[in-house]
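Text of my_file23.cif (mmCIF, C-alpha atoms) as supplied:
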data_target
#
loop_
_atom_site.group_PDB
_atom_site.id
_atom_site.type_symbol
_atom_site.label_atom_id
_atom_site.label_comp_id
_atom_site.auth_asym_id
_atom_site.auth_seq_id
_atom_site.Cartn_x
_atom_site.Cartn_y
_atom_site.Cartn_z
ATOM 1 C CA MET Z 11 -9.777 10.895 1.191
ATOM 2 C CA ASN Z 12 -9.320 11.652 4.878
ATOM 3 C CA ILE Z 13 -11.535 8.808 5.987
ATOM 4 C CA PRO Z 14 -11.107 7.585 9.582
ATOM 5 C CA LEU Z 15 -9.921 3.982 9.669
ATOM 6 C CA ARG Z 16 -9.599 1.550 12.554
ATOM 7 C CA HIS Z 17 -6.026 0.943 13.765
ATOM 8 C CA ILE Z 18 -5.352 -2.719 14.583
ATOM 9 C CA GLU Z 19 -3.891 -1.599 17.929
ATOM 10 C CA GLY Z 20 -7.103 0.258 18.767
ATOM 11 C CA GLY Z 21 -8.618 3.630 18.042
ATOM 12 C CA LYS Z 22 -9.192 5.416 14.761
ATOM 13 C CA ILE Z 23 -6.761 7.306 12.564
ATOM 14 C CA GLU Z 24 -7.036 9.482 9.469
ATOM 15 C CA LEU Z 25 -4.650 8.669 6.640
ATOM 16 C CA LEU Z 26 -3.431 12.185 5.930
ATOM 17 C CA ALA Z 27 -2.377 12.482 9.573
ATOM 18 C CA CYS Z 28 0.188 9.760 8.787
ATOM 19 C CA ALA Z 29 1.825 11.654 5.886
ATOM 20 C CA LYS Z 30 5.464 12.704 6.165
ATOM 21 C CA ASP Z 31 7.562 15.301 4.305
ATOM 22 C CA SER Z 32 7.851 13.189 1.161
ATOM 23 C CA GLY Z 33 4.307 11.880 1.166
ATOM 24 C CA LEU Z 34 2.304 8.815 2.014
ATOM 25 C CA VAL Z 35 2.113 5.321 0.528
ATOM 26 C CA VAL Z 36 -1.138 3.461 1.146
ATOM 27 C CA ILE Z 37 -0.977 -0.284 0.477
ATOM 28 C CA MET Z 38 -4.231 -2.203 0.172
ATOM 29 C CA LEU Z 39 -3.670 -5.562 1.865
ATOM 30 C CA ASP Z 40 -5.392 -8.869 2.475
ATOM 31 C CA ALA Z 41 -3.930 -11.285 5.014
ATOM 32 C CA GLU Z 42 -4.725 -14.312 2.841
ATOM 33 C CA CYS Z 43 -3.464 -12.886 -0.466
ATOM 34 C CA PRO Z 44 -0.262 -14.759 -1.414
ATOM 35 C CA ILE Z 45 0.969 -11.810 -3.476
ATOM 36 C CA CYS Z 46 0.591 -9.492 -0.464
ATOM 37 C CA GLN Z 47 2.579 -12.013 1.547
ATOM 38 C CA LYS Z 48 5.336 -12.155 -1.079
ATOM 39 C CA TYR Z 49 5.652 -8.346 -1.199
ATOM 40 C CA THR Z 50 6.142 -7.809 2.531
ATOM 41 C CA LEU Z 51 9.948 -7.921 2.285
ATOM 42 C CA THR Z 52 9.892 -5.350 -0.534
ATOM 43 C CA LEU Z 53 7.596 -3.103 1.500
ATOM 44 C CA ARG Z 54 9.836 -3.346 4.571
ATOM 45 C CA GLU Z 55 12.875 -2.494 2.439
ATOM 46 C CA LEU Z 56 11.160 0.492 0.821
ATOM 47 C CA GLU Z 57 9.989 1.789 4.192
ATOM 48 C CA ALA Z 58 13.566 1.553 5.555
ATOM 49 C CA ARG Z 59 15.075 3.157 2.422
ATOM 50 C CA TYR Z 60 12.648 6.110 2.396
ATOM 51 C CA PRO Z 61 12.148 7.255 6.009
ATOM 52 C CA ARG Z 62 10.734 10.630 4.886
ATOM 53 C CA THR Z 63 7.816 8.820 3.227
ATOM 54 C CA ALA Z 64 5.081 7.300 5.388
ATOM 55 C CA PHE Z 65 3.856 3.769 4.673
ATOM 56 C CA VAL Z 66 0.443 2.563 5.845
ATOM 57 C CA GLY Z 67 -1.160 -0.824 5.223
ATOM 58 C CA VAL Z 68 -4.946 -0.931 4.879
ATOM 59 C CA PHE Z 69 -6.777 -4.240 5.187
ATOM 60 C CA THR Z 70 -10.123 -4.867 3.550
ATOM 61 C CA LYS Z 71 -13.272 -5.454 5.588
ATOM 62 C CA TRP Z 72 -12.933 -9.185 5.028
ATOM 63 C CA ASN Z 73 -9.938 -9.467 7.377
ATOM 64 C CA LYS Z 74 -10.505 -10.249 11.049
ATOM 65 C CA GLU Z 75 -8.451 -8.405 13.641
ATOM 66 C CA GLU Z 76 -6.530 -11.560 14.631
ATOM 67 C CA ASP Z 77 -5.710 -12.268 10.950
ATOM 68 C CA MET Z 78 -4.278 -8.755 10.583
ATOM 69 C CA GLU Z 79 -2.239 -9.107 13.778
ATOM 70 C CA ASP Z 80 -0.925 -12.521 12.688
ATOM 71 C CA PHE Z 81 0.000 -11.094 9.274
ATOM 72 C CA ALA Z 82 1.845 -8.159 10.877
ATOM 73 C CA GLY Z 83 3.751 -10.458 13.229
ATOM 74 C CA GLN Z 84 4.585 -13.168 10.713
ATOM 75 C CA TYR Z 85 5.810 -10.713 8.063
ATOM 76 C CA GLU Z 86 7.415 -8.261 10.530
ATOM 77 C CA LEU Z 87 5.540 -5.163 9.382
ATOM 78 C CA ASP Z 88 6.174 -2.104 11.558
ATOM 79 C CA MET Z 89 4.102 0.345 9.535
ATOM 80 C CA PRO Z 90 0.692 1.400 10.851
ATOM 81 C CA LEU Z 91 -1.880 -1.219 9.875
ATOM 82 C CA LEU Z 92 -5.474 -0.109 9.523
ATOM 83 C CA GLN Z 93 -8.774 -1.718 8.607
ATOM 84 C CA ASP Z 94 -11.383 -0.287 6.259
ATOM 85 C CA PRO Z 95 -14.447 -2.002 7.818
ATOM 86 C CA ARG Z 96 -17.003 -0.348 5.546
ATOM 87 C CA HIS Z 97 -14.803 -0.099 2.441
ATOM 88 C CA ARG Z 98 -15.135 3.686 2.459
ATOM 89 C CA LEU Z 99 -11.494 4.090 1.454
ATOM 90 C CA VAL Z 100 -11.702 1.204 -1.036
ATOM 91 C CA ARG Z 101 -14.599 2.984 -2.762
ATOM 92 C CA ALA Z 102 -13.032 6.451 -2.544
ATOM 93 C CA LEU Z 103 -9.802 5.221 -4.147
ATOM 94 C CA LYS Z 104 -11.600 2.825 -6.499
ATOM 95 C CA ALA Z 105 -9.186 0.163 -5.250
ATOM 96 C CA THR Z 106 -9.683 -3.204 -6.924
ATOM 97 C CA THR Z 107 -6.755 -5.398 -5.924
ATOM 98 C CA THR Z 108 -4.468 -6.410 -3.077
ATOM 99 C CA PRO Z 109 -1.724 -5.400 -3.117
ATOM 100 C CA GLU Z 110 -2.482 -2.091 -4.790
ATOM 101 C CA VAL Z 111 -0.493 0.990 -3.817
ATOM 102 C CA PHE Z 112 -1.383 4.674 -3.784
ATOM 103 C CA LEU Z 113 1.267 7.388 -3.386
ATOM 104 C CA PHE Z 114 0.077 10.788 -2.177
ATOM 105 C CA ASP Z 115 2.128 13.956 -1.902
ATOM 106 C CA ARG Z 116 2.224 15.947 1.351
ATOM 107 C CA GLN Z 117 -0.888 17.900 0.302
ATOM 108 C CA GLY Z 118 -2.861 14.704 -0.253
ATOM 109 C CA ALA Z 119 -2.828 14.730 -4.073
ATOM 110 C CA LEU Z 120 -2.579 11.291 -5.666
ATOM 111 C CA GLN Z 121 0.702 10.970 -7.569
ATOM 112 C CA TYR Z 122 0.831 7.245 -8.389
ATOM 113 C CA ARG Z 123 -1.441 4.210 -8.176
ATOM 114 C CA GLY Z 124 -1.056 0.602 -9.202
ATOM 115 C CA ALA Z 125 1.530 -2.136 -8.859
ATOM 116 C CA ILE Z 126 4.601 -2.003 -6.633
ATOM 117 C CA ASP Z 127 6.777 -3.166 -9.539
ATOM 118 C CA ASN Z 128 6.571 -5.550 -12.498
ATOM 119 C CA TRP Z 129 7.486 -8.720 -10.608
ATOM 120 C CA PHE Z 130 4.017 -10.254 -11.146
ATOM 121 C CA TYR Z 131 2.550 -10.068 -14.637
ATOM 122 C CA ALA Z 132 -0.479 -12.329 -14.009
ATOM 123 C CA LEU Z 133 -1.934 -14.264 -11.092
ATOM 124 C CA GLY Z 134 0.548 -16.988 -10.214
ATOM 125 C CA ASN Z 135 3.049 -15.746 -12.818
ATOM 126 C CA TYR Z 136 6.082 -13.689 -11.946
ATOM 127 C CA ARG Z 137 9.358 -12.684 -13.521
ATOM 128 C CA PRO Z 138 12.643 -14.103 -12.216
ATOM 129 C CA GLN Z 139 13.966 -10.539 -12.140
ATOM 130 C CA ILE Z 140 12.155 -7.235 -11.604
ATOM 131 C CA THR Z 141 12.894 -4.663 -14.298
ATOM 132 C CA GLU Z 142 10.413 -1.862 -13.497
ATOM 133 C CA PHE Z 143 10.244 -0.295 -10.028
ATOM 134 C CA TYR Z 144 7.089 1.821 -10.330
ATOM 135 C CA LEU Z 145 6.514 2.683 -6.677
ATOM 136 C CA GLU Z 146 10.156 3.294 -5.834
ATOM 137 C CA ASP Z 147 10.633 5.480 -8.913
ATOM 138 C CA ALA Z 148 7.560 7.501 -7.936
ATOM 139 C CA ILE Z 149 8.745 7.905 -4.320
ATOM 140 C CA LYS Z 150 12.192 9.056 -5.506
ATOM 141 C CA ALA Z 151 10.724 11.569 -7.950
ATOM 142 C CA LEU Z 152 8.354 12.995 -5.348
ATOM 143 C CA ALA Z 153 11.148 13.288 -2.760
ATOM 144 C CA GLU Z 154 13.283 15.164 -5.311
ATOM 145 C CA GLY Z 155 10.449 17.495 -6.297
ATOM 146 C CA LYS Z 156 10.224 16.015 -9.776
ATOM 147 C CA ALA Z 157 7.244 14.730 -11.745
ATOM 148 C CA VAL Z 158 6.387 11.101 -11.124
ATOM 149 C CA PRO Z 159 7.488 9.209 -14.273
ATOM 150 C CA VAL Z 160 4.572 6.746 -14.398
ATOM 151 C CA LYS Z 161 1.239 7.763 -12.831
ATOM 152 C CA VAL Z 162 -0.804 4.552 -13.186
ATOM 153 C CA THR Z 163 -0.103 0.853 -13.670
ATOM 154 C CA LYS Z 164 -2.320 -2.212 -13.483
ATOM 155 C CA PRO Z 165 -1.991 -3.994 -10.147
ATOM 156 C CA ILE Z 166 -1.819 -7.790 -10.151
ATOM 157 C CA GLY Z 167 -3.211 -9.621 -7.162
ATOM 158 C CA CYS Z 168 -6.303 -10.701 -5.331
ATOM 159 C CA ILE Z 169 -9.569 -8.985 -6.247
ATOM 160 C CA ILE Z 170 -11.154 -6.903 -3.490
ATOM 161 C CA GLN Z 171 -14.670 -8.239 -3.026
ATOM 162 C CA GLN Z 172 -17.142 -5.450 -2.353
#
Could you express the structure from this file as structure tokens?
Amino acid sequence: MNIPLRHIEGGKIELLACAKDSGLVVIMLDAECPICQKYTLTLRELEARYPRTAFVGVFTKWNKEEDMEDFAGQYELDMPLLQDPRHRLVRALKATTTPEVFLFDRQGALQYRGAIDNWFYALGNYRPQITEFYLEDAIKALAEGKAVPVKVTKPIGCIIQQ
């Protein structure tokens, strides 16, 4: 799991080095995925609400450096943004979709994977109101030392091409 990834600002970084006291959220991203674009506000809000949890965006190998930088600037993402140029992390996590999130505890154990919430229920179809907050509920539980209520959900988004 501690696979070195390329930081869009230069150099390499290992994911677990990013973890904070309450864990690490890894978000698989694609600059052209409209669902990733729509979730950027939610991700910024979650990152601000849970400062003891680290948030890291990981772009697939199909994203060029300038596309990642444009995405970060346009959607005002301050979290570390990394690229998985050989899809080592994609394969290790068995990631299939962007956006797909993975929540790890401080020791690096996977606690939750799947959708951010239930806003989207199919490609191009979303609810007017979110009723299930999977990632936020998992972050809260982990921060409070409780069991994560839901461990896995099905992410809805753009398929990661291998």
Inset, instruction - Translate the PyMOL selection byres ((chain Z and resi 19) around 9), as applied to the file shown, into an explicit residue set as a list in words. - result: Arg16, His17, Ile18, Gly20, Gly21, Glu79, Pro90, Leu91 and Leu92 of chain Z
Legend entry - Explicit residues for the PyMOL selection byres ((chain Z and resi 154) around 12) (as a ChimeraX atom specification): /Z:31-33,60,62-63,115,147-153,155-158
Restricting the output to C-alpha atoms, write the selected residues as a PDB file, in the frame of the given file.
ATOM      1  CA  ASP Z  31       7.562  15.301   4.305  1.00  0.00           C
ATOM      2  CA  SER Z  32       7.851  13.189   1.161  1.00  0.00           C
ATOM      3  CA  GLY Z  33       4.307  11.880   1.166  1.00  0.00           C
ATOM      4  CA  TYR Z  60      12.648   6.110   2.396  1.00  0.00           C
ATOM      5  CA  ARG Z  62      10.734  10.630   4.886  1.00  0.00           C
ATOM      6  CA  THR Z  63       7.816   8.820   3.227  1.00  0.00           C
ATOM      7  CA  ASP Z 115       2.128  13.956  -1.902  1.00  0.00           C
ATOM      8  CA  ASP Z 147      10.633   5.480  -8.913  1.00  0.00           C
ATOM      9  CA  ALA Z 148       7.560   7.501  -7.936  1.00  0.00           C
ATOM     10  CA  ILE Z 149       8.745   7.905  -4.320  1.00  0.00           C
ATOM     11  CA  LYS Z 150      12.192   9.056  -5.506  1.00  0.00           C
ATOM     12  CA  ALA Z 151      10.724  11.569  -7.950  1.00  0.00           C
ATOM     13  CA  LEU Z 152       8.354  12.995  -5.348  1.00  0.00           C
ATOM     14  CA  ALA Z 153      11.148  13.288  -2.760  1.00  0.00           C
ATOM     15  CA  GLY Z 155      10.449  17.495  -6.297  1.00  0.00           C
ATOM     16  CA  LYS Z 156      10.224  16.015  -9.776  1.00  0.00           C
ATOM     17  CA  ALA Z 157       7.244  14.730 -11.745  1.00  0.00           C
ATOM     18  CA  VAL Z 158       6.387  11.101 -11.124  1.00  0.00           C
TER      19      VAL Z 158
END
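Considering the residues Z:Pro109, Z:Gly67, Z:Pro159, Z:Gly124 and counting all atoms listed in the file, Val36 (chain Z) has its shortest atom-to-atom contact with Z:Gly67.
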Inset, instruction - List, as a PyMOL selection string, every residue that the PyMOL selection byres ((chain Z and resi 100) around 10) selects in the file provided. - result: chain Z and resi 38+68-71+94-99+101-107+170+172
Legend entry - Contact residues around region 118-123 of chain Z with only C-alpha atoms at 8 Å, ignoring same-chain residues under 5 positions, as a PyMOL selection string: chain Z and resi 26+33+110-113+145+148+158+160-163
Take the residues that were just selected and, keeping C-alpha atoms, output them as an mmCIF file, keeping the file's coordinate frame.
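And here's selection33.cif as it stands now:
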data_model
loop_
_atom_site.group_PDB
_atom_site.id
_atom_site.type_symbol
_atom_site.label_atom_id
_atom_site.label_comp_id
_atom_site.auth_asym_id
_atom_site.auth_seq_id
_atom_site.Cartn_x
_atom_site.Cartn_y
_atom_site.Cartn_z
ATOM 1 C CA LEU Z 26 -3.431 12.185 5.930
ATOM 2 C CA GLY Z 33 4.307 11.880 1.166
ATOM 3 C CA GLU Z 110 -2.482 -2.091 -4.790
ATOM 4 C CA VAL Z 111 -0.493 0.990 -3.817
ATOM 5 C CA PHE Z 112 -1.383 4.674 -3.784
ATOM 6 C CA LEU Z 113 1.267 7.388 -3.386
ATOM 7 C CA LEU Z 145 6.514 2.683 -6.677
ATOM 8 C CA ALA Z 148 7.560 7.501 -7.936
ATOM 9 C CA VAL Z 158 6.387 11.101 -11.124
ATOM 10 C CA VAL Z 160 4.572 6.746 -14.398
ATOM 11 C CA LYS Z 161 1.239 7.763 -12.831
ATOM 12 C CA VAL Z 162 -0.804 4.552 -13.186
ATOM 13 C CA THR Z 163 -0.103 0.853 -13.670
#
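Taking CA of Thr141 (chain Z) and CA of Leu56 (chain Z) as the two end points, the separation is 16.1 Å.
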Missing atoms in region 110-124 of chain Z: fill them in up to N, CA and C atoms and send the result as a PDB file, keeping the file's coordinate frame.
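Saved the output as selection.pdb:
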ATOM      1  N   GLU Z 110      -2.423  -3.244  -3.887  1.00  0.00           N
ATOM      2  CA  GLU Z 110      -2.482  -2.091  -4.790  1.00  0.00           C
ATOM      3  C   GLU Z 110      -1.982  -0.916  -3.978  1.00  0.00           C
ATOM      4  N   VAL Z 111      -1.094  -0.118  -4.560  1.00  0.00           N
ATOM      5  CA  VAL Z 111      -0.493   0.990  -3.817  1.00  0.00           C
ATOM      6  C   VAL Z 111      -0.962   2.327  -4.372  1.00  0.00           C
ATOM      7  N   PHE Z 112      -0.994   3.305  -3.456  1.00  0.00           N
ATOM      8  CA  PHE Z 112      -1.383   4.674  -3.784  1.00  0.00           C
ATOM      9  C   PHE Z 112      -0.365   5.595  -3.128  1.00  0.00           C
ATOM     10  N   LEU Z 113       0.283   6.442  -3.906  1.00  0.00           N
ATOM     11  CA  LEU Z 113       1.267   7.388  -3.386  1.00  0.00           C
ATOM     12  C   LEU Z 113       0.671   8.787  -3.449  1.00  0.00           C
ATOM     13  N   PHE Z 114       0.603   9.428  -2.286  1.00  0.00           N
ATOM     14  CA  PHE Z 114       0.077  10.788  -2.177  1.00  0.00           C
ATOM     15  C   PHE Z 114       1.204  11.735  -1.802  1.00  0.00           C
ATOM     16  N   ASP Z 115       1.161  12.955  -2.334  1.00  0.00           N
ATOM     17  CA  ASP Z 115       2.128  13.956  -1.902  1.00  0.00           C
ATOM     18  C   ASP Z 115       1.689  14.518  -0.544  1.00  0.00           C
ATOM     19  N   ARG Z 116       2.481  15.404   0.009  1.00  0.00           N
ATOM     20  CA  ARG Z 116       2.224  15.947   1.351  1.00  0.00           C
ATOM     21  C   ARG Z 116       0.869  16.649   1.436  1.00  0.00           C
ATOM     22  N   GLN Z 117       0.391  17.196   0.328  1.00  0.00           N
ATOM     23  CA  GLN Z 117      -0.888  17.900   0.302  1.00  0.00           C
ATOM     24  C   GLN Z 117      -2.075  16.949   0.100  1.00  0.00           C
ATOM     25  N   GLY Z 118      -1.797  15.678  -0.095  1.00  0.00           N
ATOM     26  CA  GLY Z 118      -2.861  14.704  -0.253  1.00  0.00           C
ATOM     27  C   GLY Z 118      -3.274  14.445  -1.694  1.00  0.00           C
ATOM     28  N   ALA Z 119      -2.519  14.971  -2.658  1.00  0.00           N
ATOM     29  CA  ALA Z 119      -2.828  14.730  -4.073  1.00  0.00           C
ATOM     30  C   ALA Z 119      -2.234  13.388  -4.504  1.00  0.00           C
ATOM     31  N   LEU Z 120      -3.033  12.597  -5.191  1.00  0.00           N
ATOM     32  CA  LEU Z 120      -2.579  11.291  -5.666  1.00  0.00           C
ATOM     33  C   LEU Z 120      -1.551  11.467  -6.779  1.00  0.00           C
ATOM     34  N   GLN Z 121      -0.378  10.852  -6.600  1.00  0.00           N
ATOM     35  CA  GLN Z 121       0.702  10.970  -7.569  1.00  0.00           C
ATOM     36  C   GLN Z 121       0.943   9.680  -8.353  1.00  0.00           C
ATOM     37  N   TYR Z 122       0.640   8.540  -7.728  1.00  0.00           N
ATOM     38  CA  TYR Z 122       0.831   7.245  -8.389  1.00  0.00           C
ATOM     39  C   TYR Z 122      -0.153   6.245  -7.795  1.00  0.00           C
ATOM     40  N   ARG Z 123      -0.630   5.330  -8.647  1.00  0.00           N
ATOM     41  CA  ARG Z 123      -1.441   4.210  -8.176  1.00  0.00           C
ATOM     42  C   ARG Z 123      -1.174   2.999  -9.049  1.00  0.00           C
ATOM     43  N   GLY Z 124      -1.225   1.820  -8.422  1.00  0.00           N
ATOM     44  CA  GLY Z 124      -1.056   0.602  -9.202  1.00  0.00           C
ATOM     45  C   GLY Z 124      -0.190  -0.433  -8.518  1.00  0.00           C
TER      46      GLY Z 124
END
